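Enquirer: You'll find query-v1.cif just under this line, and it carries mmCIF, C-alpha atoms.
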data_protein
loop_
_atom_site.group_PDB
_atom_site.id
_atom_site.type_symbol
_atom_site.label_atom_id
_atom_site.label_comp_id
_atom_site.auth_asym_id
_atom_site.auth_seq_id
_atom_site.Cartn_x
_atom_site.Cartn_y
_atom_site.Cartn_z
ATOM 1 C CA MET A 603 0.000 0.000 0.000
ATOM 2 C CA LYS A 604 0.890 3.665 -0.245
ATOM 3 C CA ILE A 605 1.127 4.777 3.370
ATOM 4 C CA GLY A 606 1.714 8.183 4.900
ATOM 5 C CA PHE A 607 3.183 8.461 8.402
ATOM 6 C CA ILE A 608 3.104 11.538 10.648
ATOM 7 C CA GLY A 609 5.099 11.726 13.882
ATOM 8 C CA LEU A 610 8.532 10.130 14.151
ATOM 9 C CA GLY A 611 9.370 10.099 17.846
ATOM 10 C CA ILE A 612 10.312 7.232 20.165
ATOM 11 C CA MET A 613 7.366 5.141 18.968
ATOM 12 C CA GLY A 614 6.688 6.517 15.495
ATOM 13 C CA ARG A 615 10.161 6.100 14.050
ATOM 14 C CA PRO A 616 10.476 2.315 14.561
ATOM 15 C CA MET A 617 6.845 1.812 13.533
ATOM 16 C CA ALA A 618 7.462 3.635 10.271
ATOM 17 C CA LEU A 619 10.629 1.610 9.673
ATOM 18 C CA ASN A 620 8.619 -1.599 10.109
ATOM 19 C CA LEU A 621 6.153 -0.457 7.457
ATOM 20 C CA LEU A 622 9.064 0.048 5.060
ATOM 21 C CA ALA A 623 10.445 -3.367 5.971
ATOM 22 C CA GLY A 624 7.006 -4.809 5.189
ATOM 23 C CA GLY A 625 7.284 -3.619 1.599
ATOM 24 C CA HIS A 626 4.919 -0.653 1.746
ATOM 25 C CA SER A 627 5.584 2.631 -0.035
ATOM 26 C CA LEU A 628 6.039 5.266 2.661
ATOM 27 C CA THR A 629 5.853 9.062 2.768
ATOM 28 C CA VAL A 630 6.689 10.739 6.090
ATOM 29 C CA TRP A 631 6.412 14.082 7.821
ATOM 30 C CA ALA A 632 7.572 15.335 11.215
ATOM 31 C CA ARG A 633 7.788 18.783 12.750
ATOM 32 C CA ARG A 634 11.577 18.437 12.998
ATOM 33 C CA ALA A 635 13.381 17.608 9.765
ATOM 34 C CA VAL A 636 16.079 15.743 11.700
ATOM 35 C CA SER A 637 13.454 13.238 12.859
ATOM 36 C CA MET A 638 12.706 12.344 9.244
ATOM 37 C CA GLN A 639 16.292 11.588 8.249
ATOM 38 C CA PRO A 640 16.478 7.944 9.442
ATOM 39 C CA LEU A 641 13.350 7.188 7.394
ATOM 40 C CA LEU A 642 14.658 8.987 4.326
ATOM 41 C CA ASP A 643 17.895 7.018 4.637
ATOM 42 C CA ALA A 644 15.825 3.818 4.719
ATOM 43 C CA GLY A 645 13.931 4.649 1.535
ATOM 44 C CA ALA A 646 10.936 6.736 2.592
ATOM 45 C CA VAL A 647 9.933 9.933 0.813
ATOM 46 C CA GLY A 648 9.730 13.151 2.804
ATOM 47 C CA ALA A 649 6.764 15.539 2.615
ATOM 48 C CA GLY A 650 6.553 19.202 3.496
ATOM 49 C CA SER A 651 3.278 18.961 5.428
ATOM 50 C CA PRO A 652 0.629 16.482 6.576
ATOM 51 C CA ALA A 653 -1.254 17.301 3.375
ATOM 52 C CA GLY A 654 1.780 16.207 1.373
ATOM 53 C CA VAL A 655 1.760 12.883 3.208
ATOM 54 C CA ALA A 656 -1.873 12.324 2.249
ATOM 55 C CA GLU A 657 -1.458 12.940 -1.495
ATOM 56 C CA GLY A 658 -2.066 9.647 -3.284
ATOM 57 C CA ALA A 659 -2.040 7.622 -0.045
ATOM 58 C CA ASP A 660 -4.280 4.663 0.732
ATOM 59 C CA VAL A 661 -3.700 5.023 4.463
ATOM 60 C CA VAL A 662 -2.277 7.820 6.620
ATOM 61 C CA ILE A 663 -1.095 7.088 10.160
ATOM 62 C CA SER A 664 -0.432 9.660 12.878
ATOM 63 C CA MET A 665 1.570 8.982 16.039
ATOM 64 C CA VAL A 666 1.717 12.270 17.925
ATOM 65 C CA ALA A 667 1.468 13.557 21.485
ATOM 66 C CA ASP A 668 -2.166 14.466 22.200
ATOM 67 C CA ALA A 669 -5.571 15.345 20.773
ATOM 68 C CA PRO A 670 -4.715 18.936 19.702
ATOM 69 C CA ASP A 671 -1.814 17.536 17.665
ATOM 70 C CA VAL A 672 -4.066 14.928 16.042
ATOM 71 C CA GLU A 673 -6.616 17.612 15.220
ATOM 72 C CA GLN A 674 -3.938 19.839 13.686
ATOM 73 C CA VAL A 675 -2.342 17.199 11.461
ATOM 74 C CA MET A 676 -5.668 15.713 10.383
ATOM 75 C CA LEU A 677 -7.921 18.764 10.102
ATOM 76 C CA GLY A 678 -5.625 21.806 10.043
ATOM 77 C CA GLU A 679 -5.094 24.137 7.102
ATOM 78 C CA LEU A 680 -2.430 21.825 5.651
ATOM 79 C CA GLY A 681 -3.845 18.724 7.274
ATOM 80 C CA VAL A 682 -4.524 15.276 5.877
ATOM 81 C CA ALA A 683 -8.165 16.026 5.047
ATOM 82 C CA SER A 684 -7.194 18.919 2.777
ATOM 83 C CA ALA A 685 -5.448 16.550 0.334
ATOM 84 C CA ALA A 686 -7.307 13.295 0.928
ATOM 85 C CA GLN A 687 -8.192 11.135 -2.074
ATOM 86 C CA PRO A 688 -11.484 9.181 -2.174
ATOM 87 C CA GLY A 689 -11.245 6.064 -0.021
ATOM 88 C CA LEU A 690 -8.449 7.342 2.227
ATOM 89 C CA VAL A 691 -8.347 5.778 5.696
ATOM 90 C CA ALA A 692 -6.834 8.007 8.380
ATOM 91 C CA ILE A 693 -5.532 6.153 11.430
ATOM 92 C CA ASP A 694 -4.489 7.810 14.664
ATOM 93 C CA MET A 695 -2.305 5.578 16.828
ATOM 94 C CA SER A 696 -1.691 8.196 19.518
ATOM 95 C CA THR A 697 -3.349 8.012 22.927
ATOM 96 C CA ILE A 698 -6.111 10.613 23.279
ATOM 97 C CA ARG A 699 -9.490 10.943 24.990
ATOM 98 C CA PRO A 700 -12.201 8.682 23.544
ATOM 99 C CA ALA A 701 -14.492 11.693 23.158
ATOM 100 C CA ALA A 702 -11.797 13.528 21.194
ATOM 101 C CA ALA A 703 -11.312 10.524 18.896
ATOM 102 C CA ARG A 704 -15.045 10.381 18.186
ATOM 103 C CA ASP A 705 -15.159 14.106 17.441
ATOM 104 C CA ILE A 706 -12.153 13.991 15.089
ATOM 105 C CA GLY A 707 -13.604 10.931 13.362
ATOM 106 C CA ALA A 708 -16.958 12.644 12.812
ATOM 107 C CA ARG A 709 -15.320 15.768 11.385
ATOM 108 C CA LEU A 710 -13.152 13.699 9.050
ATOM 109 C CA ALA A 711 -16.206 11.763 7.886
ATOM 110 C CA GLU A 712 -17.790 15.071 6.833
ATOM 111 C CA GLN A 713 -14.822 15.482 4.471
ATOM 112 C CA GLY A 714 -15.046 11.949 3.091
ATOM 113 C CA VAL A 715 -12.244 10.423 5.167
ATOM 114 C CA ASP A 716 -12.786 7.198 7.132
ATOM 115 C CA PHE A 717 -11.103 7.273 10.549
ATOM 116 C CA LEU A 718 -9.754 4.639 12.911
ATOM 117 C CA ASP A 719 -8.536 5.285 16.438
ATOM 118 C CA ALA A 720 -5.868 2.634 17.003
ATOM 119 C CA PRO A 721 -3.742 3.288 20.094
ATOM 120 C CA VAL A 722 -1.021 0.821 20.991
ATOM 121 C CA SER A 723 0.590 -0.874 23.978
ATOM 122 C CA GLY A 724 4.044 -2.378 24.139
ATOM 123 C CA GLY A 725 6.308 0.648 24.397
ATOM 124 C CA GLU A 726 9.471 1.301 22.444
ATOM 125 C CA VAL A 727 10.496 -2.368 22.627
ATOM 126 C CA GLY A 728 7.254 -3.477 20.994
ATOM 127 C CA ALA A 729 7.457 -0.708 18.400
ATOM 128 C CA ILE A 730 10.955 -1.817 17.376
ATOM 129 C CA ALA A 731 10.079 -5.521 17.316
ATOM 130 C CA GLY A 732 6.737 -5.015 15.548
ATOM 131 C CA THR A 733 4.916 -6.779 18.391
ATOM 132 C CA LEU A 734 2.622 -4.009 19.607
ATOM 133 C CA SER A 735 -0.878 -4.646 20.877
ATOM 134 C CA ILE A 736 -3.197 -2.526 18.720
ATOM 135 C CA MET A 737 -6.707 -1.607 19.909
ATOM 136 C CA VAL A 738 -8.904 -0.353 17.085
ATOM 137 C CA GLY A 739 -12.117 1.626 16.959
ATOM 138 C CA GLY A 740 -14.002 2.460 13.760
ATOM 139 C CA SER A 741 -15.793 0.820 10.865
ATOM 140 C CA ALA A 742 -15.175 -2.783 9.854
ATOM 141 C CA ALA A 743 -14.492 -1.663 6.273
ATOM 142 C CA ALA A 744 -11.751 0.767 7.331
ATOM 143 C CA PHE A 745 -10.298 -1.874 9.632
ATOM 144 C CA GLY A 746 -10.103 -4.280 6.711
ATOM 145 C CA THR A 747 -8.252 -1.709 4.618
ATOM 146 C CA ALA A 748 -5.780 -1.049 7.420
ATOM 147 C CA ARG A 749 -5.027 -4.675 8.340
ATOM 148 C CA PRO A 750 -1.924 -5.035 6.099
ATOM 149 C CA ALA A 751 -0.378 -2.009 7.814
ATOM 150 C CA PHE A 752 -1.316 -3.225 11.275
ATOM 151 C CA ALA A 753 0.272 -6.603 10.476
ATOM 152 C CA CYS A 754 3.667 -4.882 10.168
ATOM 153 C CA LEU A 755 3.278 -3.135 13.500
ATOM 154 C CA GLY A 756 1.695 -5.558 15.941
ATOM 155 C CA LYS A 757 1.001 -9.157 16.873
ATOM 156 C CA ASN A 758 -2.237 -8.614 18.802
ATOM 157 C CA VAL A 759 -4.600 -6.531 16.665
ATOM 158 C CA VAL A 760 -8.184 -6.308 17.929
ATOM 159 C CA HIS A 761 -11.101 -4.455 16.361
ATOM 160 C CA VAL A 762 -12.727 -3.419 19.651
ATOM 161 C CA GLY A 763 -15.770 -1.600 18.306
ATOM 162 C CA ASP A 764 -17.037 1.660 16.852
ATOM 163 C CA ALA A 765 -15.195 4.996 16.823
ATOM 164 C CA GLY A 766 -13.573 5.738 20.170
ATOM 165 C CA ALA A 767 -13.592 2.112 21.304
ATOM 166 C CA GLY A 768 -9.859 1.770 20.691
ATOM 167 C CA GLN A 769 -9.172 4.706 22.997
ATOM 168 C CA VAL A 770 -11.463 3.253 25.665
ATOM 169 C CA ALA A 771 -9.446 0.032 25.524
ATOM 170 C CA LYS A 772 -6.180 2.002 25.740
ATOM 171 C CA ALA A 773 -7.440 3.953 28.762
ATOM 172 C CA ALA A 774 -8.281 0.632 30.431
ATOM 173 C CA ASN A 775 -4.794 -0.594 29.525
ATOM 174 C CA GLN A 776 -3.230 2.465 31.129
ATOM 175 C CA ILE A 777 -5.208 1.885 34.313
ATOM 176 C CA VAL A 778 -3.813 -1.645 34.558
ATOM 177 C CA THR A 779 -0.239 -0.705 33.616
ATOM 178 C CA GLY A 780 -0.116 2.555 35.572
ATOM 179 C CA VAL A 781 -1.434 0.954 38.747
ATOM 180 C CA GLY A 782 0.759 -2.104 38.102
ATOM 181 C CA VAL A 783 3.985 -0.110 37.828
ATOM 182 C CA LEU A 784 3.154 1.775 41.027
ATOM 183 C CA THR A 785 2.278 -1.479 42.826
ATOM 184 C CA VAL A 786 5.530 -3.192 41.835
ATOM 185 C CA ALA A 787 7.529 -0.127 42.871
ATOM 186 C CA GLU A 788 5.730 -0.065 46.239
ATOM 187 C CA ALA A 789 6.434 -3.769 46.803
ATOM 188 C CA LEU A 790 10.151 -3.488 45.995
ATOM 189 C CA ASN A 791 10.528 -0.323 48.084
ATOM 190 C CA PHE A 792 8.705 -2.030 50.967
ATOM 191 C CA ALA A 793 11.103 -4.975 50.781
ATOM 192 C CA ALA A 794 14.201 -2.767 50.681
ATOM 193 C CA ARG A 795 13.043 -0.570 53.568
ATOM 194 C CA SER A 796 12.307 -3.726 55.562
ATOM 195 C CA GLY A 797 15.942 -4.794 55.218
ATOM 196 C CA VAL A 798 15.200 -7.644 52.804
ATOM 197 C CA ASP A 799 16.783 -8.101 49.387
ATOM 198 C CA PRO A 800 14.140 -6.862 46.906
ATOM 199 C CA ALA A 801 15.620 -9.061 44.161
ATOM 200 C CA ARG A 802 14.936 -12.184 46.216
ATOM 201 C CA VAL A 803 11.452 -10.922 47.067
ATOM 202 C CA ARG A 804 10.734 -10.383 43.355
ATOM 203 C CA GLU A 805 12.017 -13.889 42.617
ATOM 204 C CA ALA A 806 9.633 -15.326 45.189
ATOM 205 C CA LEU A 807 6.650 -13.321 43.906
ATOM 206 C CA LEU A 808 7.218 -14.417 40.317
ATOM 207 C CA GLY A 809 6.239 -17.959 41.287
ATOM 208 C CA GLY A 810 2.816 -17.127 42.699
ATOM 209 C CA PHE A 811 -0.387 -15.239 41.959
ATOM 210 C CA ALA A 812 1.502 -11.934 42.177
ATOM 211 C CA TYR A 813 3.204 -12.744 38.877
ATOM 212 C CA SER A 814 2.752 -10.197 36.103
ATOM 213 C CA ARG A 815 4.735 -9.080 33.103
ATOM 214 C CA ILE A 816 5.196 -5.762 34.867
ATOM 215 C CA LEU A 817 6.766 -7.521 37.853
ATOM 216 C CA GLU A 818 8.919 -9.612 35.534
ATOM 217 C CA ASN A 819 10.081 -6.926 33.103
ATOM 218 C CA HIS A 820 9.732 -3.578 34.835
ATOM 219 C CA GLY A 821 10.551 -5.080 38.219
ATOM 220 C CA GLN A 822 13.922 -6.207 36.908
ATOM 221 C CA ARG A 823 14.556 -2.792 35.388
ATOM 222 C CA MET A 824 13.791 -1.186 38.754
ATOM 223 C CA LEU A 825 16.300 -3.491 40.416
ATOM 224 C CA ASP A 826 18.863 -2.598 37.736
ATOM 225 C CA ARG A 827 18.111 1.121 38.221
ATOM 226 C CA ASN A 828 17.508 1.292 34.479
ATOM 227 C CA PHE A 829 15.303 4.356 34.136
ATOM 228 C CA LYS A 830 16.151 5.062 30.489
ATOM 229 C CA PRO A 831 12.853 6.182 28.963
ATOM 230 C CA GLY A 832 10.924 3.796 26.811
ATOM 231 C CA PHE A 833 7.714 5.424 28.037
ATOM 232 C CA LYS A 834 8.309 8.748 29.761
ATOM 233 C CA SER A 835 6.611 9.634 33.021
ATOM 234 C CA TRP A 836 4.942 12.732 31.596
ATOM 235 C CA MET A 837 3.306 10.508 28.986
ATOM 236 C CA HIS A 838 1.831 8.235 31.649
ATOM 237 C CA GLN A 839 0.707 11.358 33.518
ATOM 238 C CA LYS A 840 -1.106 12.469 30.356
ATOM 239 C CA ASP A 841 -2.709 9.043 29.905
ATOM 240 C CA MET A 842 -3.921 8.846 33.500
ATOM 241 C CA ASN A 843 -5.340 12.329 33.075
ATOM 242 C CA ILE A 844 -7.308 10.973 30.089
ATOM 243 C CA VAL A 845 -8.631 8.208 32.346
ATOM 244 C CA MET A 846 -9.728 10.690 35.004
ATOM 245 C CA GLN A 847 -11.292 13.126 32.511
ATOM 246 C CA SER A 848 -13.261 10.276 30.957
ATOM 247 C CA ALA A 849 -14.330 9.049 34.389
ATOM 248 C CA HIS A 850 -15.547 12.554 35.211
ATOM 249 C CA GLU A 851 -17.551 12.694 31.969
ATOM 250 C CA LEU A 852 -19.155 9.330 32.808
ATOM 251 C CA GLY A 853 -19.617 9.961 36.527
ATOM 252 C CA LEU A 854 -17.463 6.964 37.445
ATOM 253 C CA CYS A 855 -15.629 6.268 40.692
ATOM 254 C CA LEU A 856 -12.054 5.134 39.950
ATOM 255 C CA PRO A 857 -10.296 5.542 43.312
ATOM 256 C CA VAL A 858 -7.137 3.530 42.576
ATOM 257 C CA SER A 859 -6.705 5.243 39.209
ATOM 258 C CA ALA A 860 -7.114 8.633 40.898
ATOM 259 C CA ALA A 861 -4.387 7.887 43.445
ATOM 260 C CA THR A 862 -2.083 6.612 40.683
ATOM 261 C CA ALA A 863 -2.731 9.714 38.586
ATOM 262 C CA GLN A 864 -1.676 11.868 41.540
ATOM 263 C CA MET A 865 1.580 9.943 41.839
ATOM 264 C CA TYR A 866 2.400 10.598 38.180
ATOM 265 C CA ASN A 867 1.541 14.260 38.726
ATOM 266 C CA ALA A 868 4.037 14.255 41.585
ATOM 267 C CA MET A 869 6.677 12.639 39.369
ATOM 268 C CA VAL A 870 6.425 15.418 36.822
ATOM 269 C CA GLY A 871 6.317 18.052 39.551
ATOM 270 C CA SER A 872 9.463 16.675 41.170
ATOM 271 C CA GLY A 873 11.518 16.709 37.968
ATOM 272 C CA LEU A 874 11.143 13.063 36.938
ATOM 273 C CA GLY A 875 8.907 13.688 33.950
ATOM 274 C CA GLU A 876 11.533 12.863 31.320
ATOM 275 C CA GLU A 877 12.500 9.569 32.957
ATOM 276 C CA ASP A 878 10.728 6.275 32.363
ATOM 277 C CA SER A 879 7.490 5.775 34.269
ATOM 278 C CA ILE A 880 9.209 3.081 36.357
ATOM 279 C CA ALA A 881 11.181 5.911 37.979
ATOM 280 C CA ILE A 882 8.121 6.171 40.199
ATOM 281 C CA LEU A 883 10.304 3.969 42.427
ATOM 282 C CA LYS A 884 12.566 7.000 42.950
ATOM 283 C CA LEU A 885 9.607 9.084 44.070
ATOM 284 C CA LEU A 886 8.550 6.422 46.574
ATOM 285 C CA GLU A 887 12.108 6.228 47.885
ATOM 286 C CA ARG A 888 12.202 9.980 48.388
ATOM 287 C CA LEU A 889 8.855 9.960 50.169
ATOM 288 C CA SER A 890 10.194 7.157 52.374
ATOM 289 C CA GLY A 891 13.249 9.182 53.357
ATOM 290 C CA ALA A 892 15.753 7.323 51.166
ATOM 291 C CA GLU A 893 17.046 9.825 48.606
ATOM 292 C CA SER A 894 18.160 8.088 45.393
#
Spell out the structure here as structure tokens.

Expert:
Amino acid sequence: MKIGFIGLGIMGRPMALNLLAGGHSLTVWARRAVSMQPLLDAGAVGAGSPAGVAEGADVVISMVADAPDVEQVMLGELGVASAAQPGLVAIDMSTIRPAAARDIGARLAEQGVDFLDAPVSGGEVGAIAGTLSIMVGGSAAAFGTARPAFACLGKNVVHVGDAGAGQVAKAANQIVTGVGVLTVAEALNFAARSGVDPARVREALLGGFAYSRILENHGQRMLDRNFKPGFKSWMHQKDMNIVMQSAHELGLCLPVSAATAQMYNAMVGSGLGEEDSIAILKLLERLSGAES
């Protein structure tokens, strides 16, 4: 297929490279020209705007920071919709509010563009390996068109439901992962402050009902003090804010999510926003009187 890709950051760059490796024709655009260079070196064509990415494309994918960015690249003056050909499917793989995804999808539909919200889970590692979990909302026809692209990017691709359903699934994912990272950090900090080797405690927990991939993978990274960002803390703060905004819109009580969201707020406020979300361990250590 002829695919356009917008947004070439930590996640977008390896995703775009996987589309090239899958044999698709790729046109790319990013706000910073330097971000485009690795894709141009790999055989992609550069565009001067999101509209340039959309010209002649079957599918256009955006992977940007938040809803205002999605709105700008899709619906702005030089956005995708301004140059869309009949039958174009626009896919946003960012993480934004479900209500925002539905609104953007409706406005694109008015201009003849079919829209899928398709956020992902798996972090930088999954983006590089092409093993992301992709949660898709939108029409079955658009999903069918997009499947060859999704096949290059992920191993678990689920059409969850209508527009916005992908973002609902991603918000649920961020509840589980956000709370999970905080829980593992609390457990390891508890062990250390109790004078017990947290590595041995983790080893013991891995054999019982406390097992999780977060305990296995992120727990080990916490023990190694490997806080190199694969998913920055400010990004998890943003995602938990999406959860809480959506809960407010629905009148839902999400007490554990609310407490976790406050912890990510504190991470950003204490200067840890650019570190990986697992650096929440550092915040707990500070609050426990053990500066790290």

Enquirer: When you count only C-alpha atoms, which of these residues is closest to Arg827 of chain A: A:Arg802, A:Lys772, A:Lys884, A:Arg815?

Expert: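 Looking at the shortest contact to Arg827 of chain A, the residue is A:Lys884.
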
Enquirer: List the residues matched by the PyMOL selection byres ((chain A and resi 699) around 9) in the displayed structure as a list in words, ordered by chain and then by residue number.

Expert: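 Output from the PyMOL selection byres ((chain A and resi 699) around 9), applied to this file: Asp668, Ala669, Thr697, Ile698, Pro700, Ala701, Ala702, Ala703, Arg704, Gly766, Gln769, Val770, Ala773, Asp841, Ile844, Val845, Gln847 and Ser848 of chain A.
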
Enquirer: Which polymer residues have any atom within 9 Å of an atom of segment 629-636 of chain A, counting all atoms listed in the file, with same-chain residues fewer than 6 positions away left out, as a PyMOL selection string?

Expert: chain A and resi 604-611+618+642+646-652+654-656+659

Enquirer: I need the residue nearest Met638 of chain A from this list: A:Gly614, A:Leu883, A:Ala653, A:Asp799. Use all atoms listed in the file for the distance.

Expert: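 Residue with the minimum atom-to-atom distance to Met638 of chain A: A:Gly614.
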
Enquirer: List, as a short mmCIF file (atom, residue, chain, number, x, y, z; two decimals) with C-alpha atoms, keeping the file's coordinate frame, every residue that the PyMOL selection byres ((chain A and resi 696) around 6) selects in the file provided.

Expert:
data_model
loop_
_atom_site.label_atom_id
_atom_site.label_comp_id
_atom_site.auth_asym_id
_atom_site.auth_seq_id
_atom_site.Cartn_x
_atom_site.Cartn_y
_atom_site.Cartn_z
CA MET A 665 1.57 8.98 16.04
CA VAL A 666 1.72 12.27 17.92
CA ASP A 694 -4.49 7.81 14.66
CA MET A 695 -2.31 5.58 16.83
CA THR A 697 -3.35 8.01 22.93
CA PRO A 721 -3.74 3.29 20.09
#

Enquirer: Taking 4 positions as the minimum chain separation for residues in the same chain, which residues sit within 12 Å of Gly780 of chain A when counting only C-alpha atoms? Answer as a short mmCIF file (atom, residue, chain, number, x, y, z; two decimals) with C-alpha atoms, in the frame of the given file.

Expert:
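This is the output file selection-v3.cif:
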data_model
loop_
_atom_site.label_atom_id
_atom_site.label_comp_id
_atom_site.auth_asym_id
_atom_site.auth_seq_id
_atom_site.Cartn_x
_atom_site.Cartn_y
_atom_site.Cartn_z
CA LYS A 772 -6.18 2.00 25.74
CA ALA A 773 -7.44 3.95 28.76
CA ALA A 774 -8.28 0.63 30.43
CA ASN A 775 -4.79 -0.59 29.52
CA GLN A 776 -3.23 2.46 31.13
CA LEU A 784 3.15 1.78 41.03
CA THR A 785 2.28 -1.48 42.83
CA VAL A 786 5.53 -3.19 41.84
CA ALA A 787 7.53 -0.13 42.87
CA ILE A 816 5.20 -5.76 34.87
CA HIS A 820 9.73 -3.58 34.84
CA PHE A 833 7.71 5.42 28.04
CA LYS A 834 8.31 8.75 29.76
CA SER A 835 6.61 9.63 33.02
CA MET A 837 3.31 10.51 28.99
CA HIS A 838 1.83 8.24 31.65
CA GLN A 839 0.71 11.36 33.52
CA LYS A 840 -1.11 12.47 30.36
CA ASP A 841 -2.71 9.04 29.90
CA MET A 842 -3.92 8.85 33.50
CA ASN A 843 -5.34 12.33 33.08
CA VAL A 845 -8.63 8.21 32.35
CA VAL A 858 -7.14 3.53 42.58
CA SER A 859 -6.70 5.24 39.21
CA ALA A 860 -7.11 8.63 40.90
CA ALA A 861 -4.39 7.89 43.44
CA THR A 862 -2.08 6.61 40.68
CA ALA A 863 -2.73 9.71 38.59
CA GLN A 864 -1.68 11.87 41.54
CA MET A 865 1.58 9.94 41.84
CA TYR A 866 2.40 10.60 38.18
CA ASP A 878 10.73 6.28 32.36
CA SER A 879 7.49 5.78 34.27
CA ILE A 880 9.21 3.08 36.36
CA ILE A 882 8.12 6.17 40.20
#

Enquirer: Enclose segment 785-788 of chain A, meaning all of its atoms listed in the file, in a box aligned along x, y and z, pad it by 5 Å on each side, and list the centre and edge lengths in Å to one decimal, as lines of an AutoDock Vina configuration file.

Expert:
center_x = 4.9
center_y = -1.6
center_z = 44.0
size_x = 15.3
size_y = 13.1
size_z = 14.4

Enquirer: Tell me which of A:Val691, A:Leu718, A:Ala751, A:Ala685 sits closest to Leu622 of chain A, counting only C-alpha atoms.

Expert: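 Looking at the shortest contact to Leu622 of chain A, the residue is A:Ala751.
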
Enquirer: What is the distance between atom CA of Phe745 of chain A and atom CA of Gly625 of chain A, in Å to one decimal?

Expert: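 Separation of atom CA of Phe745 of chain A and atom CA of Gly625 of chain A: 19.4 Å.
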
Enquirer: Any chance you could work out the residue set of the PyMOL selection byres ((chain A and resi 715) around 7) here, as a tab-separated table (two decimals) with C-alpha atoms, in the coordinates of the input?

Expert:
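Once everything was written out, this is out-v1.tsv:
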chain	number	residue	atom	x	y	z
A	683	ALA	CA	-8.16	16.03	5.05
A	689	GLY	CA	-11.24	6.06	-0.02
A	690	LEU	CA	-8.45	7.34	2.23
A	691	VAL	CA	-8.35	5.78	5.70
A	692	ALA	CA	-6.83	8.01	8.38
A	710	LEU	CA	-13.15	13.70	9.05
A	711	ALA	CA	-16.21	11.76	7.89
A	713	GLN	CA	-14.82	15.48	4.47
A	714	GLY	CA	-15.05	11.95	3.09
A	716	ASP	CA	-12.79	7.20	7.13
A	717	PHE	CA	-11.10	7.27	10.55

Enquirer: Please report the interatomic distance between atom CA of Asp826 of chain A and atom CA of Val781 of chain A in Å with one decimal.

Expert: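 Going from atom CA of Asp826 of chain A over to atom CA of Val781 of chain A covers 20.6 Å.
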
Enquirer: A:Val672, A:Val803, A:Ile736, A:Cys754: which is nearest Gly768 of chain A, counting all atoms listed in the file?

Expert: A:Ile736

Enquirer: With a distance cut-off of 10 Å and all atoms listed in the file, select the neighbouring residues of Glu788 of chain A, excluding the residue or stretch itself and same-chain residues fewer than 4 positions from it, and output the selection as a ChimeraX atom specification.

Expert: /A:782-784,792-794,882-883,886-887

Enquirer: Using all atoms listed in the file, pick whichever of A:Gly809, A:Gly732, A:Pro831, A:Gly645 has the shortest atom-to-atom distance to Ala753 of chain A.

Expert: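 So, comparing all the options, the nearest one is A:Gly732.
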
Enquirer: What lies within 6 Å of Ser735 of chain A using only C-alpha atoms, ignoring chain neighbours under 3 positions off, as a list of chain:residue names?

Expert: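 Here the qualifying residues turn out to be A:Val722, A:Ser723, A:Gly756, A:Asn758, A:Val759.
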
Enquirer: Could you tell me how far atom CA of Val661 of chain A lies from atom CA of Gly746 of chain A, in Å and to one decimal?

Expert: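 Rounded to one decimal, the two atoms are 11.5 Å apart.
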
Enquirer: I want to know what sits within 7 Å of Met603 of chain A, based on all atoms listed in the file, with residues of the same chain fewer than 4 positions away left out; could you give that as a VMD selection string?

Expert: chain A and resid 626 to 627 660

Enquirer: Could the residues in this selection be written to a file with C-alpha atoms, as a short mmCIF file (atom, residue, chain, number, x, y, z; two decimals), in the coordinates of the input?

Expert:
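For reference, again02.cif as written:
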data_model
loop_
_atom_site.label_atom_id
_atom_site.label_comp_id
_atom_site.auth_asym_id
_atom_site.auth_seq_id
_atom_site.Cartn_x
_atom_site.Cartn_y
_atom_site.Cartn_z
CA HIS A 626 4.92 -0.65 1.75
CA SER A 627 5.58 2.63 -0.04
CA ASP A 660 -4.28 4.66 0.73
#

Enquirer: With only C-alpha atoms as the basis for distance, which of A:Glu726, A:Asp764, A:Glu673, A:Glu876 is at the shortest distance from Ile612 of chain A?

Expert: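 That would be A:Glu726, the residue with the smallest distance to Ile612 of chain A.
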
Enquirer: Taking (9.1, -6.2, 41.8) as a centre in this file's frame and 8 Å as the limit, can you find every polymer residue with an atom that close, using only C-alpha atoms, and give them as a ChimeraX atom specification?

Expert: /A:786-787,789-790,800-801,803-804,807,816-818,820-822,824-825

Enquirer: Using the partial input, fill out segment 659-665 of chain A with N, CA and C atoms; write the result as a PDB file, keeping the file's coordinate frame.

Expert:
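Ended up saving to part-v6.pdb:
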ATOM      1  N   ALA A 659      -2.174   8.697  -1.029  1.00  0.00           N
ATOM      2  CA  ALA A 659      -2.040   7.622  -0.045  1.00  0.00           C
ATOM      3  C   ALA A 659      -3.318   6.810   0.092  1.00  0.00           C
ATOM      4  N   ASP A 660      -3.150   5.522   0.384  1.00  0.00           N
ATOM      5  CA  ASP A 660      -4.280   4.663   0.732  1.00  0.00           C
ATOM      6  C   ASP A 660      -4.629   4.805   2.209  1.00  0.00           C
ATOM      7  N   VAL A 661      -3.574   4.948   3.009  1.00  0.00           N
ATOM      8  CA  VAL A 661      -3.700   5.023   4.463  1.00  0.00           C
ATOM      9  C   VAL A 661      -2.731   6.085   4.973  1.00  0.00           C
ATOM     10  N   VAL A 662      -3.160   6.887   5.928  1.00  0.00           N
ATOM     11  CA  VAL A 662      -2.277   7.820   6.620  1.00  0.00           C
ATOM     12  C   VAL A 662      -2.348   7.533   8.105  1.00  0.00           C
ATOM     13  N   ILE A 663      -1.193   7.393   8.735  1.00  0.00           N
ATOM     14  CA  ILE A 663      -1.095   7.088  10.160  1.00  0.00           C
ATOM     15  C   ILE A 663      -0.471   8.276  10.890  1.00  0.00           C
ATOM     16  N   SER A 664      -1.051   8.650  12.013  1.00  0.00           N
ATOM     17  CA  SER A 664      -0.432   9.660  12.878  1.00  0.00           C
ATOM     18  C   SER A 664      -0.064   9.031  14.214  1.00  0.00           C
ATOM     19  N   MET A 665       1.102   9.439  14.725  1.00  0.00           N
ATOM     20  CA  MET A 665       1.570   8.982  16.039  1.00  0.00           C
ATOM     21  C   MET A 665       2.179  10.200  16.719  1.00  0.00           C
TER      22      MET A 665
END
